[in-house]
file coords_35.pdb (PDB, C-alpha atoms)
ATOM      1  CA  MET A   6     -28.945   9.216   2.610
ATOM      2  CA  ILE A   7     -31.636   9.865  -0.006
ATOM      3  CA  ALA A   8     -33.461   6.706  -1.104
ATOM      4  CA  HIS A   9     -33.083   5.721  -4.783
ATOM      5  CA  ARG A  10     -30.643   8.570  -5.582
ATOM      6  CA  LEU A  11     -27.987   7.171  -7.949
ATOM      7  CA  LYS A  12     -24.400   7.354  -6.743
ATOM      8  CA  PRO A  13     -22.668  10.340  -8.395
ATOM      9  CA  LYS A  14     -19.261   8.747  -7.686
ATOM     10  CA  ASN A  15     -20.081   5.737  -9.848
ATOM     11  CA  ASP A  16     -17.379   6.416 -12.461
ATOM     12  CA  PHE A  17     -19.729   5.839 -15.408
ATOM     13  CA  LEU A  18     -22.365   8.190 -13.995
ATOM     14  CA  PHE A  19     -19.693  10.719 -12.995
ATOM     15  CA  LYS A  20     -18.493  10.761 -16.596
ATOM     16  CA  ARG A  21     -22.050  11.346 -17.818
ATOM     17  CA  LEU A  22     -22.509  14.167 -15.282
ATOM     18  CA  PHE A  23     -19.287  16.053 -15.987
ATOM     19  CA  GLY A  24     -17.616  14.530 -19.037
ATOM     20  CA  GLU A  25     -19.861  15.718 -21.873
ATOM     21  CA  ASN A  26     -19.831  19.050 -23.681
ATOM     22  CA  GLU A  27     -23.475  19.738 -22.857
ATOM     23  CA  SER A  28     -22.603  19.668 -19.141
ATOM     24  CA  LYS A  29     -19.229  21.392 -19.275
ATOM     25  CA  HIS A  30     -20.537  24.277 -17.119
ATOM     26  CA  LEU A  31     -20.770  21.735 -14.287
ATOM     27  CA  LEU A  32     -17.218  20.557 -14.968
ATOM     28  CA  ILE A  33     -15.921  24.142 -15.005
ATOM     29  CA  ALA A  34     -17.547  24.861 -11.632
ATOM     30  CA  LEU A  35     -16.141  21.668 -10.112
ATOM     31  CA  LEU A  36     -12.633  22.333 -11.466
ATOM     32  CA  ASN A  37     -12.609  25.903 -10.164
ATOM     33  CA  ALA A  38     -13.681  24.605  -6.763
ATOM     34  CA  ILE A  39     -10.838  22.069  -6.722
ATOM     35  CA  LEU A  40      -8.088  24.181  -8.259
ATOM     36  CA  HIS A  41      -9.297  27.418  -6.549
ATOM     37  CA  PRO A  42      -7.420  29.711  -8.979
ATOM     38  CA  VAL A  43      -7.250  33.451  -8.432
ATOM     39  CA  ASP A  44      -9.969  35.441 -10.207
ATOM     40  CA  GLU A  45      -7.941  36.306 -13.290
ATOM     41  CA  LYS A  46      -7.007  32.638 -13.791
ATOM     42  CA  LYS A  47     -10.422  31.086 -13.213
ATOM     43  CA  ILE A  48     -11.444  28.565 -15.847
ATOM     44  CA  VAL A  49     -14.143  30.068 -18.036
ATOM     45  CA  ASN A  50     -14.241  27.526 -20.830
ATOM     46  CA  VAL A  51     -13.083  23.971 -21.529
ATOM     47  CA  THR A  52     -13.140  21.549 -24.399
ATOM     48  CA  VAL A  53     -14.309  18.174 -23.154
ATOM     49  CA  ILE A  54     -12.558  15.224 -24.757
ATOM     50  CA  GLU A  55     -15.328  12.675 -25.192
ATOM     51  CA  ASN A  56     -14.977   9.011 -26.071
ATOM     52  CA  LYS A  57     -18.377   7.325 -25.791
ATOM     53  CA  GLU A  58     -17.188   4.182 -27.580
ATOM     54  CA  LEU A  59     -14.536   3.681 -24.922
ATOM     55  CA  VAL A  60     -17.162   4.091 -22.197
ATOM     56  CA  LYS A  61     -19.293   1.244 -23.594
ATOM     57  CA  GLU A  62     -16.198  -0.904 -24.137
ATOM     58  CA  VAL A  63     -15.122  -0.437 -20.536
ATOM     59  CA  ILE A  64     -18.597  -1.164 -19.175
ATOM     60  CA  ASP A  65     -18.967  -4.352 -21.233
ATOM     61  CA  GLY A  66     -15.413  -5.426 -20.391
ATOM     62  CA  LYS A  67     -16.150  -5.237 -16.663
ATOM     63  CA  SER A  68     -12.889  -3.359 -16.132
ATOM     64  CA  GLY A  69     -10.960  -0.318 -17.254
ATOM     65  CA  ARG A  70     -10.621   3.317 -16.375
ATOM     66  CA  LEU A  71     -13.357   5.922 -16.831
ATOM     67  CA  ASP A  72     -12.030   9.442 -16.502
ATOM     68  CA  VAL A  73     -13.044  12.947 -17.560
ATOM     69  CA  ARG A  74     -10.552  14.762 -19.758
ATOM     70  CA  CYS A  75     -10.662  18.327 -20.920
ATOM     71  CA  GLU A  76      -8.492  21.196 -22.100
ATOM     72  CA  THR A  77      -8.879  24.767 -20.893
ATOM     73  CA  ALA A  78      -8.802  27.902 -23.000
ATOM     74  CA  ASP A  79      -5.201  28.371 -21.776
ATOM     75  CA  GLN A  80      -4.366  24.953 -23.254
ATOM     76  CA  GLU A  81      -3.963  23.221 -19.930
ATOM     77  CA  GLN A  82      -4.830  19.510 -19.906
ATOM     78  CA  ILE A  83      -6.871  18.206 -16.990
ATOM     79  CA  ASP A  84      -7.676  14.590 -16.166
ATOM     80  CA  LEU A  85     -10.337  14.023 -13.512
ATOM     81  CA  GLU A  86     -11.016  10.547 -12.138
ATOM     82  CA  VAL A  87     -13.195   9.116  -9.396
ATOM     83  CA  GLN A  88     -11.873   5.979  -7.733
ATOM     84  CA  ILE A  89     -14.303   4.120  -5.481
ATOM     85  CA  GLU A  90     -12.329   0.959  -4.811
ATOM     86  CA  ARG A  91      -8.960   1.036  -3.085
ATOM     87  CA  GLU A  92      -5.932   1.054  -5.353
ATOM     88  CA  HIS A  93      -2.622   0.307  -3.634
ATOM     89  CA  ALA A  94      -0.492   2.136  -6.192
ATOM     90  CA  MET A  95      -2.532   5.274  -6.870
ATOM     91  CA  ASP A  96       0.606   7.450  -6.801
ATOM     92  CA  LYS A  97       2.358   5.423  -9.525
ATOM     93  CA  ARG A  98      -0.881   4.927 -11.469
ATOM     94  CA  THR A  99      -1.526   8.685 -11.440
ATOM     95  CA  LEU A 100       2.017   9.530 -12.568
ATOM     96  CA  PHE A 101       1.771   6.953 -15.346
ATOM     97  CA  TYR A 102      -1.338   8.543 -16.889
ATOM     98  CA  LEU A 103      -0.097  12.054 -16.139
ATOM     99  CA  GLY A 104       3.165  11.313 -17.959
ATOM    100  CA  LYS A 105       1.352   9.818 -20.953
ATOM    101  CA  MET A 106      -0.886  12.884 -21.263
ATOM    102  CA  TYR A 107       2.050  15.289 -20.886
ATOM    103  CA  VAL A 108       4.189  13.528 -23.521
ATOM    104  CA  SER A 109       1.305  13.247 -25.983
ATOM    105  CA  SER A 110       0.530  16.973 -25.744
ATOM    106  CA  ILE A 111       3.008  17.704 -28.576
ATOM    107  CA  LYS A 112       3.874  15.875 -31.769
ATOM    108  CA  GLU A 113       7.279  14.325 -32.363
ATOM    109  CA  GLY A 114       9.841  16.913 -33.468
ATOM    110  CA  HIS A 115       7.990  19.905 -32.003
ATOM    111  CA  ASP A 116       9.553  22.325 -29.533
ATOM    112  CA  TYR A 117       9.412  21.316 -25.859
ATOM    113  CA  GLU A 118       8.027  24.764 -25.114
ATOM    114  CA  LEU A 119       4.781  23.554 -26.668
ATOM    115  CA  LEU A 120       4.277  20.887 -24.006
ATOM    116  CA  LYS A 121       1.042  21.650 -22.188
ATOM    117  CA  LYS A 122       0.562  21.942 -18.467
ATOM    118  CA  THR A 123      -1.060  18.716 -17.276
ATOM    119  CA  VAL A 124      -3.138  18.319 -14.138
ATOM    120  CA  ALA A 125      -4.339  15.039 -12.634
ATOM    121  CA  ILE A 126      -7.189  15.088 -10.103
ATOM    122  CA  ASN A 127      -8.144  11.984  -8.120
ATOM    123  CA  ILE A 128     -11.349  11.909  -6.078
ATOM    124  CA  LEU A 129     -10.920   8.874  -3.837
ATOM    125  CA  ASP A 130     -13.660   7.184  -1.850
ATOM    126  CA  PHE A 131     -11.010   5.780   0.504
ATOM    127  CA  SER A 132      -8.148   7.173   2.579
ATOM    128  CA  TYR A 133      -4.798   6.806   0.858
ATOM    129  CA  LEU A 134      -2.174   9.346   1.913
ATOM    130  CA  PRO A 135      -0.641   9.454   5.430
ATOM    131  CA  LEU A 136      -1.779  13.071   5.779
ATOM    132  CA  THR A 137      -4.587  14.615   7.838
ATOM    133  CA  GLN A 138      -6.029  17.025   5.257
ATOM    134  CA  PHE A 139      -8.566  15.725   2.734
ATOM    135  CA  HIS A 140      -7.186  17.761  -0.194
ATOM    136  CA  SER A 141      -3.493  17.364  -1.066
ATOM    137  CA  THR A 142      -1.723  19.037  -3.992
ATOM    138  CA  PHE A 143       1.702  18.109  -5.386
ATOM    139  CA  HIS A 144       4.208  19.958  -7.599
ATOM    140  CA  LEU A 145       7.913  19.605  -8.450
ATOM    141  CA  TYR A 146       9.868  21.353  -5.667
ATOM    142  CA  GLU A 147      13.613  21.374  -4.925
ATOM    143  CA  ASP A 148      14.456  19.039  -2.044
ATOM    144  CA  THR A 149      16.361  21.472   0.198
ATOM    145  CA  THR A 150      14.913  24.784  -0.994
ATOM    146  CA  ARG A 151      11.306  23.770  -0.554
ATOM    147  CA  ASP A 152       9.820  27.033  -1.786
ATOM    148  CA  PHE A 153      11.515  26.710  -5.204
ATOM    149  CA  MET A 154       9.328  25.032  -7.822
ATOM    150  CA  LEU A 155      11.166  23.663 -10.846
ATOM    151  CA  THR A 156       8.083  24.036 -13.034
ATOM    152  CA  ASP A 157       4.312  24.049 -12.629
ATOM    153  CA  VAL A 158       3.639  21.992 -15.767
ATOM    154  CA  LEU A 159       2.840  18.887 -13.711
ATOM    155  CA  GLU A 160       0.271  19.021 -10.921
ATOM    156  CA  VAL A 161      -1.457  16.258  -8.951
ATOM    157  CA  HIS A 162      -4.465  16.498  -6.635
ATOM    158  CA  PHE A 163      -5.818  13.899  -4.221
ATOM    159  CA  LEU A 164      -9.233  14.460  -2.614
ATOM    160  CA  GLU A 165      -9.961  11.782   0.005
ATOM    161  CA  CYS A 166     -13.687  11.628   0.759
ATOM    162  CA  PRO A 167     -13.532   9.730   4.098
ATOM    163  CA  LYS A 168     -11.289  12.467   5.496
ATOM    164  CA  PHE A 169     -13.674  15.127   4.164
ATOM    165  CA  ARG A 170     -16.627  13.444   5.909
ATOM    166  CA  SER A 171     -14.844  13.718   9.248
ATOM    167  CA  THR A 172     -14.145  17.464   8.877
ATOM    168  CA  LYS A 173     -16.459  20.316   9.764
ATOM    169  CA  HIS A 174     -18.250  21.292   6.546
ATOM    170  CA  ASP A 175     -18.260  24.900   5.396
ATOM    171  CA  LEU A 176     -21.068  25.469   2.889
ATOM    172  CA  ASN A 177     -19.503  28.818   1.951
ATOM    173  CA  ASN A 178     -16.636  26.834   0.450
ATOM    174  CA  PRO A 179     -17.563  25.671  -3.090
ATOM    175  CA  LEU A 180     -15.353  22.568  -2.842
ATOM    176  CA  HIS A 181     -17.197  21.491   0.329
ATOM    177  CA  ARG A 182     -20.500  21.959  -1.485
ATOM    178  CA  TRP A 183     -19.412  19.801  -4.425
ATOM    179  CA  LEU A 184     -18.033  17.000  -2.246
ATOM    180  CA  LEU A 185     -21.288  16.941  -0.299
ATOM    181  CA  PHE A 186     -23.222  16.764  -3.584
ATOM    182  CA  LEU A 187     -21.087  13.797  -4.691
ATOM    183  CA  ASP A 188     -21.531  11.971  -1.397
ATOM    184  CA  GLU A 189     -24.097   9.176  -1.698
ATOM    185  CA  LYS A 190     -24.839   9.633   2.026
ATOM    186  CA  VAL A 191     -25.907  13.271   1.660
ATOM    187  CA  THR A 192     -29.200  13.889   3.453
ATOM    188  CA  LYS A 193     -32.276  15.399   1.824
ATOM    189  CA  GLN A 194     -31.960  18.449   4.053
ATOM    190  CA  GLN A 195     -28.291  18.970   3.138
ATOM    191  CA  LEU A 196     -29.052  18.607  -0.565
ATOM    192  CA  GLU A 197     -31.890  21.103  -0.400
ATOM    193  CA  GLU A 198     -29.566  23.553   1.344
ATOM    194  CA  LEU A 199     -26.879  23.062  -1.307
ATOM    195  CA  ILE A 200     -29.375  23.607  -4.137
ATOM    196  CA  ALA A 201     -30.671  26.776  -2.489
ATOM    197  CA  MET A 202     -27.131  28.151  -2.120
ATOM    198  CA  ASP A 203     -25.591  27.100  -5.451
ATOM    199  CA  SER A 204     -27.427  27.266  -8.799
ATOM    200  CA  THR A 205     -24.754  25.103 -10.477
ATOM    201  CA  ILE A 206     -25.284  22.299  -7.981
ATOM    202  CA  LYS A 207     -29.016  22.661  -8.601
ATOM    203  CA  SER A 208     -28.281  22.165 -12.301
ATOM    204  CA  ALA A 209     -26.091  19.133 -11.501
ATOM    205  CA  GLU A 210     -28.840  17.521  -9.388
ATOM    206  CA  GLU A 211     -31.378  18.106 -12.168
ATOM    207  CA  ARG A 212     -29.017  16.450 -14.654
ATOM    208  CA  LEU A 213     -28.543  13.532 -12.253
ATOM    209  CA  LEU A 214     -32.337  13.069 -12.071
ATOM    210  CA  ARG A 215     -32.642  13.174 -15.876
ATOM    211  CA  LEU A 216     -29.904  10.598 -16.280
ATOM    212  CA  SER A 217     -31.577   8.422 -13.649
ATOM    213  CA  SER A 218     -34.739   8.268 -15.752
ATOM    214  CA  ASP A 219     -32.884   7.305 -18.959
ATOM    215  CA  GLU A 220     -33.164   3.545 -19.503
ATOM    216  CA  GLU A 221     -29.833   3.123 -21.319
ATOM    217  CA  THR A 222     -27.959   5.214 -18.748
ATOM    218  CA  LEU A 223     -29.570   3.266 -15.934
ATOM    219  CA  ARG A 224     -28.671  -0.048 -17.585
ATOM    220  CA  LEU A 225     -25.018   0.923 -17.970
ATOM    221  CA  TYR A 226     -24.934   2.386 -14.460
ATOM    222  CA  GLU A 227     -26.211  -0.891 -12.996
ATOM    223  CA  ALA A 228     -23.833  -2.882 -15.208
ATOM    224  CA  ARG A 229     -20.938  -0.850 -13.864
ATOM    225  CA  GLU A 230     -22.115  -1.350 -10.260
ATOM    226  CA  GLU A 231     -22.364  -5.103 -10.862
ATOM    227  CA  ALA A 232     -18.922  -5.125 -12.488
ATOM    228  CA  LEU A 233     -17.438  -3.440  -9.429
ATOM    229  CA  ILE A 234     -19.168  -5.944  -7.124
ATOM    230  CA  GLU A 235     -17.879  -8.852  -9.216
ATOM    231  CA  HIS A 236     -14.401  -7.336  -9.246
ATOM    232  CA  ASN A 237     -14.459  -6.907  -5.465
ATOM    233  CA  SER A 238     -15.729 -10.455  -4.964
ATOM    234  CA  ALA A 239     -13.022 -11.836  -7.230
ATOM    235  CA  MET A 240     -10.359  -9.794  -5.443
ATOM    236  CA  SER A 241     -11.653 -10.904  -2.028
ATOM    237  CA  ALA A 242     -11.701 -14.551  -3.139
ATOM    238  CA  ALA A 243      -8.185 -14.217  -4.544
ATOM    239  CA  LYS A 244      -7.061 -12.547  -1.345
ATOM    240  CA  ARG A 245      -8.603 -15.302   0.792
ATOM    241  CA  SER A 246      -7.068 -17.970  -1.437
ATOM    242  CA  GLY A 247      -3.732 -16.200  -1.321
ATOM    243  CA  MET A 248      -3.917 -15.852   2.448
ATOM    244  CA  LYS A 249      -4.776 -19.544   2.853
ATOM    245  CA  LYS A 250      -1.951 -20.573   0.551
ATOM    246  CA  GLY A 251       0.359 -18.152   2.325
ATOM    247  CA  ILE A 252      -0.569 -19.593   5.731
ATOM    248  CA  GLU A 253      -0.031 -23.160   4.509
ATOM    249  CA  GLU A 254       3.270 -22.248   2.903
ATOM    250  CA  GLY A 255       4.243 -20.321   6.013
ATOM    251  CA  GLU A 256       3.436 -23.317   8.214
ATOM    252  CA  ARG A 257       5.449 -25.615   5.939
ATOM    253  CA  ILE A 258       8.445 -23.314   5.860
ATOM    254  CA  GLY A 259       8.087 -22.640   9.581
ATOM    255  CA  LEU A 260       8.110 -26.384  10.278
ATOM    256  CA  GLN A 261      11.241 -26.849   8.169
ATOM    257  CA  ILE A 262      12.985 -23.922   9.816
ATOM    258  CA  GLY A 263      11.876 -25.111  13.261
ATOM    259  CA  LEU A 264      13.135 -28.629  12.543
ATOM    260  CA  GLN A 265      16.477 -27.370  11.259
ATOM    261  CA  LYS A 266      16.824 -25.040  14.205
ATOM    262  CA  GLY A 267      15.875 -27.836  16.603
ATOM    263  CA  ILE A 268      18.489 -30.154  15.073
ATOM    264  CA  GLN A 269      21.158 -27.466  15.208
ATOM    265  CA  GLU A 270      20.314 -26.520  18.773
ATOM    266  CA  GLY A 271      20.176 -30.216  19.739
ATOM    267  CA  LEU A 272      23.583 -30.854  18.166
ATOM    268  CA  GLN A 273      25.090 -27.813  19.850
ATOM    269  CA  LYS A 274      23.595 -28.789  23.195
ATOM    270  CA  GLY A 275      24.711 -32.387  22.727
ATOM    271  CA  ILE A 276      28.247 -31.302  21.876
ATOM    272  CA  GLN A 277      28.402 -28.963  24.851
ATOM    273  CA  GLU A 278      27.011 -31.583  27.252
ATOM    274  CA  GLY A 279      29.302 -34.231  25.721
ATOM    275  CA  LEU A 280      32.323 -32.015  26.183
ATOM    276  CA  GLN A 281      31.368 -31.227  29.771
ATOM    277  CA  LYS A 282      30.756 -34.895  30.566
ATOM    278  CA  GLY A 283      33.946 -35.953  28.780
ATOM    279  CA  ILE A 284      35.987 -33.423  30.696
ATOM    280  CA  GLN A 285      34.466 -34.508  34.009
ATOM    281  CA  GLU A 286      34.952 -38.216  33.306
ATOM    282  CA  GLY A 287      38.451 -37.642  31.952
ATOM    283  CA  LEU A 288      39.358 -35.603  34.998
ATOM    284  CA  GLN A 289      38.013 -38.250  37.374
ATOM    285  CA  LYS A 290      39.773 -41.036  35.493
ATOM    286  CA  GLY A 291      42.972 -39.025  35.391
ATOM    287  CA  ILE A 292      42.843 -38.439  39.145
ATOM    288  CA  GLN A 293      42.169 -42.100  39.841
ATOM    289  CA  GLU A 294      44.935 -43.269  37.491
ATOM    290  CA  GLY A 295      47.275 -40.651  38.930
ATOM    291  CA  LEU A 296      46.596 -41.799  42.483
ATOM    292  CA  GLN A 297      47.074 -45.420  41.537
ATOM    293  CA  GLU A 298      50.308 -44.648  39.712
ATOM    294  CA  GLY A 299      51.529 -42.521  42.638
ATOM    295  CA  LEU A 300      50.689 -45.285  45.111
ATOM    296  CA  ARG A 301      52.519 -47.868  42.996
ATOM    297  CA  GLU A 302      55.561 -45.626  42.710
ATOM    298  CA  GLY A 303      55.508 -45.205  46.509
ATOM    299  CA  LYS A 304      55.353 -48.959  47.032
ATOM    300  CA  LEU A 305      58.239 -49.497  44.599
ATOM    301  CA  GLU A 306      60.291 -46.905  46.441
ATOM    302  CA  THR A 307      59.505 -48.582  49.797
ATOM    303  CA  ALA A 308      60.314 -52.035  48.421
ATOM    304  CA  LYS A 309      63.711 -50.842  47.128
ATOM    305  CA  ASN A 310      64.501 -49.232  50.477
ATOM    306  CA  LEU A 311      63.589 -52.417  52.331
ATOM    307  CA  LEU A 312      65.682 -54.490  49.906
ATOM    308  CA  SER A 313      68.694 -52.249  50.505
ATOM    309  CA  LEU A 314      68.296 -52.864  54.242
ATOM    310  CA  GLY A 315      68.556 -56.626  53.593
ATOM    311  CA  ILE A 316      64.944 -57.425  54.348
ATOM    312  CA  ASN A 317      63.796 -60.826  53.125
ATOM    313  CA  ILE A 318      62.194 -60.670  49.646
ATOM    314  CA  GLU A 319      59.123 -62.605  50.724
ATOM    315  CA  MET A 320      58.549 -60.224  53.611
ATOM    316  CA  ILE A 321      58.891 -57.253  51.215
ATOM    317  CA  GLU A 322      56.258 -58.815  48.893
ATOM    318  CA  LYS A 323      53.848 -59.205  51.799
ATOM    319  CA  ALA A 324      54.490 -55.667  53.098
ATOM    320  CA  THR A 325      54.079 -53.843  49.735
ATOM    321  CA  GLY A 326      51.763 -56.182  47.839
ATOM    322  CA  LEU A 327      54.198 -56.054  44.911
ATOM    323  CA  SER A 328      55.680 -59.087  43.200
ATOM    324  CA  ARG A 329      59.451 -59.505  43.323
ATOM    325  CA  ALA A 330      59.488 -59.116  39.533
ATOM    326  CA  GLU A 331      58.157 -55.537  39.942
ATOM    327  CA  PHE A 332      60.751 -54.271  42.463
ATOM    328  CA  LEU A 333      63.746 -56.351  41.388
ATOM    329  CA  LYS A 334      63.880 -54.744  37.912
TER
END
call {"tool": "encode", "arguments": {"input": "coords_35.pdb", "output": "structure tokens"}}
result
Amino acid sequence: MIAHRLKPKNDFLFKRLFGENESKHLLIALLNAILHPVDEKKIVNVTVIENKELVKEVIDGKSGRLDVRCETADQEQIDLEVQIEREHAMDKRTLFYLGKMYVSSIKEGHDYELLKKTVAINILDFSYLPLTQFHSTFHLYEDTTRDFMLTDVLEVHFLECPKFRSTKHDLNNPLHRWLLFLDEKVTKQQLEELIAMDSTIKSAEERLLRLSSDEETLRLYEAREEALIEHNSAMSAAKRSGMKKGIEEGERIGLQIGLQKGIQEGLQKGIQEGLQKGIQEGLQKGIQEGLQEGLREGKLETAKNLLSLGINIEMIEKATGLSRAEFLK
């Protein structure tokens, strides 16, 4: 890392580097490196769509989106954005702005044939897609016939810098050279090698140094850095607060669910044990009552037999333990 070198991926500084007409040769070189068109389709000229008032408004507002927009000589619209902080819906966010640009490329009532090809390029300082390559390109293809493209009027690029850092760098590849130039961790030796190989990168580094010495640019650059820090701190605090609230709510709900489950399980267990106990006690009582009833019936039968033999009633009472009222019925 080179001490005191401003971060080219700071979105405000990136816009100053590539998003002004006086530096469009740098933008053209970067776009050709990303889009790698065949020779006859290389971008040779662009019209940069500048909005300096919006830049100041975004900086002062501590939020917003700073992108570089241009239109090629072939009337293709390109939107280039650097995103340092993780966005969890970059796919939807990209399609939203891509769709707005595409729709606004013609006026109401004009022929659809006049709609301009629109390209969105995202340079991300974080890993986002579940893919191994650092550069991913998307078009509209048919689901089953994968080699059939419906149209090329919409195109999306994702360049993930952490994945690029972990790959073997090829300085003969212009895209590798540009991503190294943009990396705030580039070494002095690497930068010197890039400048020696590529005159456009030399021009970009010279512009970066000029911007670094401009007081107003430096003020806005630092304001943007502070805004990002404040945003991150606020997001982290909100996340911590949300996590704490979530844990407390989770514990409360978990306690309620646990209590309900405990009551239900206790009732079920109680019912089962009650049934088992009731059956056992009922069975025991039934056996005892059955034995007693059977014994009584046997005594009655014996008493009647003895009575029929003319045995004295008192003797029958003593022998069976029954009262005369029970066997004389």
call {"tool": "resolve_selection", "arguments": {"input": "coords_35.pdb", "expression": "the PyMOL selection byres ((chain A and resi 202-213) around 8)", "output": "PyMOL selection string"}}
result
chain A and resi 11+13+22+30-31+34+183+186+198-201+214-217
call {"tool": "residues_near_point", "arguments": {"input": "coords_35.pdb", "point": "(58.0, -49.8, 44.3)", "cutoff": "12 Å", "atoms": "only C-alpha atoms", "output": "ChimeraX atom specification"}}
result
/A:298-312,321-322,324-334
call {"tool": "atom_distance", "arguments": {"input": "coords_35.pdb", "atom1": "atom CA of A:Leu184", "atom2": "atom CA of A:His162"}}
result
14.3 Å
call {"tool": "residues_near_point", "arguments": {"input": "coords_35.pdb", "point": "(-17.4, 4.0, -11.6)", "cutoff": "10 Å", "atoms": "all atoms listed in the file", "output": "short mmCIF file (atom, residue, chain, number, x, y, z; two decimals) with C-alpha atoms, keeping the file's coordinate frame"}}
result
data_model
loop_
_atom_site.label_atom_id
_atom_site.label_comp_id
_atom_site.auth_asym_id
_atom_site.auth_seq_id
_atom_site.Cartn_x
_atom_site.Cartn_y
_atom_site.Cartn_z
CA LYS A 12 -24.40 7.35 -6.74
CA PRO A 13 -22.67 10.34 -8.40
CA LYS A 14 -19.26 8.75 -7.69
CA ASN A 15 -20.08 5.74 -9.85
CA ASP A 16 -17.38 6.42 -12.46
CA PHE A 17 -19.73 5.84 -15.41
CA LEU A 18 -22.36 8.19 -14.00
CA PHE A 19 -19.69 10.72 -13.00
CA LYS A 20 -18.49 10.76 -16.60
CA ILE A 64 -18.60 -1.16 -19.18
CA SER A 68 -12.89 -3.36 -16.13
CA GLY A 69 -10.96 -0.32 -17.25
CA ARG A 70 -10.62 3.32 -16.38
CA LEU A 71 -13.36 5.92 -16.83
CA ASP A 72 -12.03 9.44 -16.50
CA GLU A 86 -11.02 10.55 -12.14
CA VAL A 87 -13.20 9.12 -9.40
CA GLN A 88 -11.87 5.98 -7.73
CA ILE A 89 -14.30 4.12 -5.48
CA GLU A 90 -12.33 0.96 -4.81
CA TYR A 226 -24.93 2.39 -14.46
CA ARG A 229 -20.94 -0.85 -13.86
CA GLU A 230 -22.12 -1.35 -10.26
CA ALA A 232 -18.92 -5.12 -12.49
CA LEU A 233 -17.44 -3.44 -9.43
#
call {"tool": "closest_residue", "arguments": {"input": "coords_35.pdb", "among": "A:Ile33, A:Leu134, A:Ile39, A:Leu296", "to": "A:Arg182", "atoms": "only C-alpha atoms"}}
result
A:Ile39
call {"tool": "atom_distance", "arguments": {"input": "coords_35.pdb", "atom1": "atom CA of A:Thr99", "atom2": "atom CA of A:Lys29"}}
result
23.2 Å
call {"tool": "atom_distance", "arguments": {"input": "coords_35.pdb", "atom1": "atom CA of A:Ala125", "atom2": "atom CA of A:Leu155"}}
result
17.8 Å
call {"tool": "closest_residue", "arguments": {"input": "coords_35.pdb", "among": "A:Arg21, A:Asp44, A:Ile54, A:Val161", "to": "A:Leu100", "atoms": "all atoms listed in the file"}}
result
A:Val161
call {"tool": "closest_residue", "arguments": {"input": "coords_35.pdb", "among": "A:Tyr102, A:Phe139, A:Phe153, A:Phe23", "to": "A:Thr123", "atoms": "all atoms listed in the file"}}
result
A:Tyr102
call {"tool": "resolve_selection", "arguments": {"input": "coords_35.pdb", "expression": "the PyMOL selection byres ((chain A and resi 185) around 10)", "output": "VMD selection string"}}
result
chain A and resid 166 169 to 170 174 176 179 to 184 186 to 192 195 to 196 199
call {"tool": "residues_around", "arguments": {"input": "coords_35.pdb", "residues": "A:Lys105", "least_positions_apart": "6", "cutoff": "12 Å", "atoms": "all atoms listed in the file", "output": "PDB file with C-alpha atoms, in the frame of the given file"}}
result
ATOM      1  CA  GLN A  82      -4.830  19.510 -19.906  1.00  0.00           C
ATOM      2  CA  ASP A  84      -7.676  14.590 -16.166  1.00  0.00           C
ATOM      3  CA  ARG A  98      -0.881   4.927 -11.469  1.00  0.00           C
ATOM      4  CA  THR A  99      -1.526   8.685 -11.440  1.00  0.00           C
ATOM      5  CA  ILE A 111       3.008  17.704 -28.576  1.00  0.00           C
ATOM      6  CA  LEU A 120       4.277  20.887 -24.006  1.00  0.00           C
ATOM      7  CA  LYS A 121       1.042  21.650 -22.188  1.00  0.00           C
ATOM      8  CA  THR A 123      -1.060  18.716 -17.276  1.00  0.00           C
ATOM      9  CA  VAL A 124      -3.138  18.319 -14.138  1.00  0.00           C
ATOM     10  CA  ALA A 125      -4.339  15.039 -12.634  1.00  0.00           C
ATOM     11  CA  LEU A 159       2.840  18.887 -13.711  1.00  0.00           C
TER      12      LEU A 159
END
call {"tool": "closest_residue", "arguments": {"input": "coords_35.pdb", "among": "A:Tyr133, A:Ser110, A:Leu280, A:His115", "to": "A:Met95", "atoms": "all atoms listed in the file"}}
result
A:Tyr133
